[in-house]
Amino acid sequence: MRALLAMAAMTLALAALTAQAADRPDEPLPTQPPGAATTLKRSNDFLYQLQGINLAAIGRTRYDLVVIDYSSDGSESGEFSAHQVERLKHSPGGRKFVLSYISIGEAEDYRFYWENGWAPGNPSWLGAENPSWAGNYKVRYWDPEWQQIVFAYTDRLLDAGFDGAYLDLVDAYYYWEQRGRGSAAQDMADFVHAIAAYARERDPDFYLFVQNAAELVELAGYLSGITGIGQEDIYYGYNADNQATPATVSAEMEGFLDQFKAAGKIVLTIDYATTPTKVNDAYARSRAKGYVPFVTVRALDQLTLNPGQKPDAGATCLGKPANYIGGPAADSLTGTNAADRLLGLGGADVLTGGGGDDYLCGGPGDDTCYGDLGEDEGMSCETTDSIP
């Protein structure tokens, strides 16, 4: 999803009050609960919300990864402060990796860079208005002037302390390719690499996700510098929201996404459905492929907690909540000197109990469980796993 819709004056005022209340540098960061993802690759759930953002409410959830706008209302005046971002990253619900959305394939007329008098053709890189999204304009993204604007945008994310960027409108290359620019796909790939290089000059650990256009994986070198991808409509929403995506389309997308996963990249899926059976189906199919799913509404204007799919909900080991939880890929989890419950989830995991009387649950995959110290009678690796 790309644009933030215009908000009413009352909504802006409430957002400003919320931002002021959350920005109290003298307040200590909360103690982190056990089980929070300690590395990005252990993230097994995520939130994608661009409008109506309430940082405190998001902070109370157990989502591991959060994709939001860098501003409460999309404007310069609504930008989140470094303190607000830091508090979200270390919030009561657990450690969160926080990415900021950026549209790199269209310009938005409510952003800090927009100037009065701009119109298609002025400046020269500004293209036609998107008929589906008022105030959004195609851009010649290969133009150095537009790229400098995106670099300046990236600086704002770095200044605010975001963990990374989530780049949308990567698929804008279709528009220009259809209008005769033969290098449109490669131009976009080069731009993504340029953003990665620019950001990592300041922060070598800056994460970079692209949204859609998964077929660019077939361009030589495209995956270098990319942390992961978010793919919309893979199971629901391709033709219409709450409607199943054609099986052939899903299969084609999976073929591209599997190449990302094989290269060690994180694959996020975003589907647009509201019927519980369809929501659950999207989660199940995504997880079966080793992806990280999220299902919500296309407006991306609500903090979605799907019943039965809440972050880390049902993450239990032998009937009790697990306090160390792996991701969809192979993990190495180690407990503390206390009594821990380790849950591997997907992948070939290695679980080590530590010093307490622990419970180790491998989950799907060929796992290995080490009791280590303590009386770990509750070890419960699956039949295909080993307990040395």
# chains A, B, ... in the order shown; residues from 1 in each chain; ligands from 1
$ residues_around --residues "Ala107 in chain A" --least-positions-apart "3" --cutoff "10 Å" --atoms "only C-alpha atoms" --output "list in words"
Ala3, Ile102, Ser103, Ile104, Tyr110, Arg111, Tyr113, Trp114, Leu126, Gly127, Glu129, Asn130, Gly135, Asn136, Tyr137, Lys138, Val139, Arg140, Tyr141, Trp146, Ile149 and Val150 of chain A
$ closest_atom_pairs --of "range 209-262 of chain A" --to "range 286-290 of chain A" --cutoff "10 Å" --atoms "only C-alpha atoms" --output "JSON lines"
{"residue": "A:Ile234", "atom": "CA", "partner": "A:Ser286", "partner_atom": "CA", "distance": 8.8}
{"residue": "A:Tyr235", "atom": "CA", "partner": "A:Ser286", "partner_atom": "CA", "distance": 8.3}
{"residue": "A:Glu254", "atom": "CA", "partner": "A:Lys289", "partner_atom": "CA", "distance": 8.3}
{"residue": "A:Leu257", "atom": "CA", "partner": "A:Lys289", "partner_atom": "CA", "distance": 9.4}
{"residue": "A:Asp258", "atom": "CA", "partner": "A:Lys289", "partner_atom": "CA", "distance": 8.1}
{"residue": "A:Lys261", "atom": "CA", "partner": "A:Gly290", "partner_atom": "CA", "distance": 8.0}
$ closest_residue --among "A:Phe256, A:Phe97, A:Tyr236, A:Phe80" --to "Leu157 in chain A" --atoms "only C-alpha atoms"
A:Phe80
$ closest_residue --among "A:Ile266, A:Val297, A:Leu351, A:Ile226" --to "Asn242 in chain A" --atoms "only C-alpha atoms"
A:Val297
$ atom_distance --atom1 "CA of Lys310 in chain A" --atom2 "CA of Gly228 in chain A"
22.2 Å
$ closest_residue --among "A:Gln84, A:Ser100, A:Thr61, A:Thr274" --to "Gln49 in chain A" --atoms "only C-alpha atoms"
A:Ser100
$ select_by_dssp --residues "range 51-274 of chain A" --states "strand (DSSP E)" --output "MDAnalysis selection string"
chainID A and resid 65:68 90:91 94:95 97:103 106:108 126:129 136:139 164:168 207:211 228:232 266:272
$ write_last_selection --atoms "C-alpha atoms" --output "PDB file, in the first residue's frame"
ATOM      1  CA  LEU A  65       8.726  -6.582  13.298  1.00  0.00           C
ATOM      2  CA  VAL A  66       6.776  -3.384  12.660  1.00  0.00           C
ATOM      3  CA  VAL A  67       6.416  -1.473   9.389  1.00  0.00           C
ATOM      4  CA  ILE A  68       5.009   2.035   9.871  1.00  0.00           C
ATOM      5  CA  HIS A  90      12.100  -1.447  23.338  1.00  0.00           C
ATOM      6  CA  SER A  91       8.429  -1.467  24.284  1.00  0.00           C
ATOM      7  CA  GLY A  94       8.925  -6.977  23.571  1.00  0.00           C
ATOM      8  CA  ARG A  95      11.815  -5.949  21.331  1.00  0.00           C
ATOM      9  CA  PHE A  97      12.509  -4.144  14.766  1.00  0.00           C
ATOM     10  CA  VAL A  98      10.990  -0.984  13.295  1.00  0.00           C
ATOM     11  CA  LEU A  99      11.059  -0.215   9.582  1.00  0.00           C
ATOM     12  CA  SER A 100       9.815   2.951   7.922  1.00  0.00           C
ATOM     13  CA  TYR A 101       7.839   2.948   4.706  1.00  0.00           C
ATOM     14  CA  ILE A 102       9.165   4.961   1.739  1.00  0.00           C
ATOM     15  CA  SER A 103       7.619   5.247  -1.705  1.00  0.00           C
ATOM     16  CA  GLU A 106       6.000   7.740  -6.816  1.00  0.00           C
ATOM     17  CA  ALA A 107       6.134  11.211  -5.286  1.00  0.00           C
ATOM     18  CA  GLU A 108       3.525  12.158  -2.681  1.00  0.00           C
ATOM     19  CA  LEU A 126       7.748  14.255 -12.227  1.00  0.00           C
ATOM     20  CA  GLY A 127       5.291  12.148 -14.203  1.00  0.00           C
ATOM     21  CA  ALA A 128       1.528  11.743 -14.350  1.00  0.00           C
ATOM     22  CA  GLU A 129      -0.720  11.592 -11.310  1.00  0.00           C
ATOM     23  CA  ASN A 136       0.640  10.496  -5.931  1.00  0.00           C
ATOM     24  CA  TYR A 137       2.721  11.019  -9.045  1.00  0.00           C
ATOM     25  CA  LYS A 138       4.873   8.735 -11.131  1.00  0.00           C
ATOM     26  CA  VAL A 139       8.543   9.646 -11.078  1.00  0.00           C
ATOM     27  CA  GLY A 164      15.607   0.030   8.315  1.00  0.00           C
ATOM     28  CA  ALA A 165      13.471   1.063   5.361  1.00  0.00           C
ATOM     29  CA  TYR A 166      10.599  -0.638   3.577  1.00  0.00           C
ATOM     30  CA  LEU A 167      10.672   0.447  -0.070  1.00  0.00           C
ATOM     31  CA  ASP A 168       7.364   0.561  -1.908  1.00  0.00           C
ATOM     32  CA  TYR A 207      17.868  -3.207   6.987  1.00  0.00           C
ATOM     33  CA  LEU A 208      16.346  -2.824   3.547  1.00  0.00           C
ATOM     34  CA  PHE A 209      13.119  -4.500   2.429  1.00  0.00           C
ATOM     35  CA  VAL A 210      11.507  -4.132  -0.978  1.00  0.00           C
ATOM     36  CA  GLN A 211       7.794  -4.546  -1.620  1.00  0.00           C
ATOM     37  CA  GLY A 228      14.048  -9.171   2.578  1.00  0.00           C
ATOM     38  CA  ILE A 229      10.885  -8.659   0.595  1.00  0.00           C
ATOM     39  CA  GLY A 230       7.221  -7.999   1.358  1.00  0.00           C
ATOM     40  CA  GLN A 231       4.815  -9.509  -1.172  1.00  0.00           C
ATOM     41  CA  GLU A 232       1.225  -8.342  -1.339  1.00  0.00           C
ATOM     42  CA  ILE A 266      13.287 -12.763   4.943  1.00  0.00           C
ATOM     43  CA  VAL A 267      10.009 -13.126   3.064  1.00  0.00           C
ATOM     44  CA  LEU A 268       6.973 -11.270   4.408  1.00  0.00           C
ATOM     45  CA  THR A 269       3.527 -11.848   2.909  1.00  0.00           C
ATOM     46  CA  ILE A 270       0.661  -9.372   3.082  1.00  0.00           C
ATOM     47  CA  ASP A 271      -2.813 -10.520   2.148  1.00  0.00           C
ATOM     48  CA  TYR A 272      -6.051  -8.569   2.209  1.00  0.00           C
TER      49      TYR A 272
END
$ closest_residue --among "A:Gly353, A:Pro293, A:Pro246, A:Gly344" --to "Tyr48 in chain A" --atoms "only C-alpha atoms"
A:Pro293
$ residues_around --residues "Trp142 in chain A" --least-positions-apart "3" --cutoff "9 Å" --atoms "only C-alpha atoms" --output "ChimeraX atom specification"
/A:125,139,145-147,184,187-188,190-191
$ write_last_selection --atoms "all heavy atoms" --output "PDB file, in the first residue's frame"
ATOM      1  N   TRP A 125      11.450  15.339 -13.849  1.00  0.00           N
ATOM      2  CA  TRP A 125      11.349  13.918 -13.496  1.00  0.00           C
ATOM      3  C   TRP A 125       9.961  13.535 -12.993  1.00  0.00           C
ATOM      4  O   TRP A 125       9.671  12.355 -12.787  1.00  0.00           O
ATOM      5  CB  TRP A 125      12.389  13.550 -12.427  1.00  0.00           C
ATOM      6  CG  TRP A 125      12.471  14.515 -11.276  1.00  0.00           C
ATOM      7  CD1 TRP A 125      13.352  15.532 -11.122  1.00  0.00           C
ATOM      8  CD2 TRP A 125      11.601  14.555 -10.140  1.00  0.00           C
ATOM      9  NE1 TRP A 125      13.103  16.211  -9.956  1.00  0.00           N
ATOM     10  CE2 TRP A 125      12.044  15.633  -9.323  1.00  0.00           C
ATOM     11  CE3 TRP A 125      10.518  13.790  -9.703  1.00  0.00           C
ATOM     12  CZ2 TRP A 125      11.418  15.952  -8.111  1.00  0.00           C
ATOM     13  CZ3 TRP A 125       9.895  14.116  -8.511  1.00  0.00           C
ATOM     14  CH2 TRP A 125      10.356  15.192  -7.732  1.00  0.00           C
ATOM     15  N   VAL A 139       7.267   8.937 -10.990  1.00  0.00           N
ATOM     16  CA  VAL A 139       8.543   9.646 -11.078  1.00  0.00           C
ATOM     17  C   VAL A 139       9.499   8.869 -11.981  1.00  0.00           C
ATOM     18  O   VAL A 139       9.425   7.640 -12.067  1.00  0.00           O
ATOM     19  CB  VAL A 139       9.203   9.849  -9.696  1.00  0.00           C
ATOM     20  CG1 VAL A 139       8.383  10.785  -8.825  1.00  0.00           C
ATOM     21  CG2 VAL A 139       9.436   8.523  -8.995  1.00  0.00           C
ATOM     22  N   GLU A 145      18.073  13.832  -9.538  1.00  0.00           N
ATOM     23  CA  GLU A 145      17.408  14.769  -8.632  1.00  0.00           C
ATOM     24  C   GLU A 145      16.404  14.043  -7.742  1.00  0.00           C
ATOM     25  O   GLU A 145      16.333  14.299  -6.535  1.00  0.00           O
ATOM     26  CB  GLU A 145      16.714  15.874  -9.435  1.00  0.00           C
ATOM     27  CG  GLU A 145      16.147  16.979  -8.559  1.00  0.00           C
ATOM     28  CD  GLU A 145      15.579  18.130  -9.379  1.00  0.00           C
ATOM     29  OE1 GLU A 145      16.016  18.328 -10.533  1.00  0.00           O
ATOM     30  OE2 GLU A 145      14.692  18.833  -8.849  1.00  0.00           O
ATOM     31  N   TRP A 146      15.615  13.119  -8.318  1.00  0.00           N
ATOM     32  CA  TRP A 146      14.680  12.344  -7.498  1.00  0.00           C
ATOM     33  C   TRP A 146      15.451  11.441  -6.531  1.00  0.00           C
ATOM     34  O   TRP A 146      15.072  11.298  -5.370  1.00  0.00           O
ATOM     35  CB  TRP A 146      13.758  11.500  -8.377  1.00  0.00           C
ATOM     36  CG  TRP A 146      12.941  10.511  -7.578  1.00  0.00           C
ATOM     37  CD1 TRP A 146      13.070   9.153  -7.575  1.00  0.00           C
ATOM     38  CD2 TRP A 146      11.909  10.819  -6.626  1.00  0.00           C
ATOM     39  NE1 TRP A 146      12.173   8.587  -6.688  1.00  0.00           N
ATOM     40  CE2 TRP A 146      11.446   9.595  -6.097  1.00  0.00           C
ATOM     41  CE3 TRP A 146      11.322  12.001  -6.175  1.00  0.00           C
ATOM     42  CZ2 TRP A 146      10.431   9.517  -5.139  1.00  0.00           C
ATOM     43  CZ3 TRP A 146      10.314  11.930  -5.213  1.00  0.00           C
ATOM     44  CH2 TRP A 146       9.882  10.700  -4.714  1.00  0.00           C
ATOM     45  N   GLN A 147      16.515  10.863  -6.972  1.00  0.00           N
ATOM     46  CA  GLN A 147      17.287   9.985  -6.103  1.00  0.00           C
ATOM     47  C   GLN A 147      17.861  10.748  -4.908  1.00  0.00           C
ATOM     48  O   GLN A 147      17.892  10.227  -3.784  1.00  0.00           O
ATOM     49  CB  GLN A 147      18.383   9.278  -6.895  1.00  0.00           C
ATOM     50  CG  GLN A 147      17.814   8.330  -7.944  1.00  0.00           C
ATOM     51  CD  GLN A 147      18.839   7.370  -8.523  1.00  0.00           C
ATOM     52  OE1 GLN A 147      20.016   7.401  -8.175  1.00  0.00           O
ATOM     53  NE2 GLN A 147      18.392   6.504  -9.420  1.00  0.00           N
ATOM     54  N   ALA A 184      14.088  -0.130 -17.700  1.00  0.00           N
ATOM     55  CA  ALA A 184      13.325   0.252 -16.504  1.00  0.00           C
ATOM     56  C   ALA A 184      13.575  -0.686 -15.328  1.00  0.00           C
ATOM     57  O   ALA A 184      13.740  -0.237 -14.188  1.00  0.00           O
ATOM     58  CB  ALA A 184      11.837   0.305 -16.833  1.00  0.00           C
ATOM     59  N   ASP A 187      17.106  -0.215 -14.048  1.00  0.00           N
ATOM     60  CA  ASP A 187      17.175   1.097 -13.400  1.00  0.00           C
ATOM     61  C   ASP A 187      16.658   1.020 -11.967  1.00  0.00           C
ATOM     62  O   ASP A 187      17.229   1.615 -11.048  1.00  0.00           O
ATOM     63  CB  ASP A 187      16.349   2.129 -14.173  1.00  0.00           C
ATOM     64  CG  ASP A 187      16.933   2.486 -15.530  1.00  0.00           C
ATOM     65  OD1 ASP A 187      18.145   2.291 -15.715  1.00  0.00           O
ATOM     66  OD2 ASP A 187      16.164   2.954 -16.385  1.00  0.00           O
ATOM     67  N   MET A 188      15.550   0.284 -11.772  1.00  0.00           N
ATOM     68  CA  MET A 188      14.988   0.155 -10.430  1.00  0.00           C
ATOM     69  C   MET A 188      15.929  -0.652  -9.532  1.00  0.00           C
ATOM     70  O   MET A 188      16.163  -0.283  -8.365  1.00  0.00           O
ATOM     71  CB  MET A 188      13.609  -0.494 -10.481  1.00  0.00           C
ATOM     72  CG  MET A 188      12.953  -0.652  -9.115  1.00  0.00           C
ATOM     73  SD  MET A 188      12.757   0.916  -8.191  1.00  0.00           S
ATOM     74  CE  MET A 188      11.326   1.620  -9.033  1.00  0.00           C
ATOM     75  N   ASP A 190      19.114  -0.910  -9.771  1.00  0.00           N
ATOM     76  CA  ASP A 190      20.268  -0.060  -9.457  1.00  0.00           C
ATOM     77  C   ASP A 190      19.913   0.980  -8.389  1.00  0.00           C
ATOM     78  O   ASP A 190      20.743   1.291  -7.515  1.00  0.00           O
ATOM     79  CB  ASP A 190      20.746   0.648 -10.724  1.00  0.00           C
ATOM     80  CG  ASP A 190      21.364  -0.299 -11.742  1.00  0.00           C
ATOM     81  OD1 ASP A 190      21.702  -1.443 -11.368  1.00  0.00           O
ATOM     82  OD2 ASP A 190      21.501   0.093 -12.921  1.00  0.00           O
ATOM     83  N   PHE A 191      18.691   1.497  -8.444  1.00  0.00           N
ATOM     84  CA  PHE A 191      18.256   2.488  -7.467  1.00  0.00           C
ATOM     85  C   PHE A 191      18.167   1.864  -6.071  1.00  0.00           C
ATOM     86  O   PHE A 191      18.612   2.450  -5.075  1.00  0.00           O
ATOM     87  CB  PHE A 191      16.911   3.063  -7.897  1.00  0.00           C
ATOM     88  CG  PHE A 191      16.419   4.227  -7.081  1.00  0.00           C
ATOM     89  CD1 PHE A 191      17.281   5.021  -6.336  1.00  0.00           C
ATOM     90  CD2 PHE A 191      15.067   4.543  -7.068  1.00  0.00           C
ATOM     91  CE1 PHE A 191      16.815   6.103  -5.589  1.00  0.00           C
ATOM     92  CE2 PHE A 191      14.589   5.618  -6.330  1.00  0.00           C
ATOM     93  CZ  PHE A 191      15.464   6.380  -5.585  1.00  0.00           C
TER      94      PHE A 191
END
$ select_by_dssp --residues "range 221-298 of chain A" --states "helix (DSSP H, G or I)" --output "list in words"
Ala247, Thr248, Val249, Ser250, Ala251, Glu252, Met253, Glu254, Gly255, Phe256, Leu257, Asp258, Gln259, Phe260, Lys261, Ala262, Pro276, Thr277, Lys278, Val279, Asn280, Asp281, Ala282, Tyr283, Ala284, Arg285, Ser286, Arg287 and Ala288 of chain A
$ write_last_selection --atoms "C-alpha atoms" --output "mmCIF file, in the first residue's frame"
data_model
loop_
_atom_site.group_PDB
_atom_site.id
_atom_site.type_symbol
_atom_site.label_atom_id
_atom_site.label_comp_id
_atom_site.auth_asym_id
_atom_site.auth_seq_id
_atom_site.Cartn_x
_atom_site.Cartn_y
_atom_site.Cartn_z
ATOM 1 C CA ALA A 247 -3.564 -20.455 -8.063
ATOM 2 C CA THR A 248 -1.284 -19.865 -11.047
ATOM 3 C CA VAL A 249 -0.440 -16.370 -9.790
ATOM 4 C CA SER A 250 0.258 -17.631 -6.258
ATOM 5 C CA ALA A 251 2.514 -20.362 -7.640
ATOM 6 C CA GLU A 252 4.440 -17.901 -9.796
ATOM 7 C CA MET A 253 4.969 -15.548 -6.861
ATOM 8 C CA GLU A 254 6.104 -18.434 -4.663
ATOM 9 C CA GLY A 255 8.650 -19.417 -7.291
ATOM 10 C CA PHE A 256 10.262 -15.982 -7.072
ATOM 11 C CA LEU A 257 9.938 -15.693 -3.296
ATOM 12 C CA ASP A 258 11.559 -19.078 -2.795
ATOM 13 C CA GLN A 259 14.656 -17.673 -4.465
ATOM 14 C CA PHE A 260 14.761 -14.907 -1.857
ATOM 15 C CA LYS A 261 14.361 -17.471 0.917
ATOM 16 C CA ALA A 262 17.036 -19.769 -0.534
ATOM 17 C CA PRO A 276 -11.766 -15.813 9.280
ATOM 18 C CA THR A 277 -11.385 -18.966 7.167
ATOM 19 C CA LYS A 278 -9.566 -16.985 4.475
ATOM 20 C CA VAL A 279 -7.390 -15.195 7.019
ATOM 21 C CA ASN A 280 -6.379 -18.496 8.591
ATOM 22 C CA ASP A 281 -5.752 -20.058 5.195
ATOM 23 C CA ALA A 282 -3.406 -17.238 4.213
ATOM 24 C CA TYR A 283 -1.438 -17.650 7.452
ATOM 25 C CA ALA A 284 -1.218 -21.425 7.064
ATOM 26 C CA ARG A 285 -0.090 -21.343 3.421
ATOM 27 C CA SER A 286 2.489 -18.646 4.062
ATOM 28 C CA ARG A 287 3.960 -20.417 7.088
ATOM 29 C CA ALA A 288 4.065 -23.726 5.206
#
$ residues_around --residues "range 55-60 of chain A" --least-positions-apart "2" --cutoff "7 Å" --atoms "only C-alpha atoms" --output "compact mmCIF listing (two decimals) with N, CA and C atoms, in the first residue's frame"
# COMPACT_ATOMS: atom_id res chain seq x y z
N ILE A 53 -1.70 5.59 13.38
CA ILE A 53 -0.66 4.94 14.18
C ILE A 53 -0.70 5.41 15.63
N ARG A 62 2.89 -8.08 20.85
CA ARG A 62 4.07 -8.93 20.81
C ARG A 62 4.67 -9.04 19.40
N LEU A 88 9.53 2.54 20.98
CA LEU A 88 8.80 1.50 20.27
C LEU A 88 9.67 0.26 20.09
N SER A 91 9.73 -1.75 23.70
CA SER A 91 8.43 -1.47 24.28
C SER A 91 7.97 -2.61 25.19
N PRO A 92 6.92 -2.39 25.98
CA PRO A 92 6.49 -3.41 26.94
C PRO A 92 6.16 -4.76 26.32
N GLY A 93 5.69 -4.77 25.06
CA GLY A 93 5.35 -6.03 24.41
C GLY A 93 6.53 -6.83 23.94
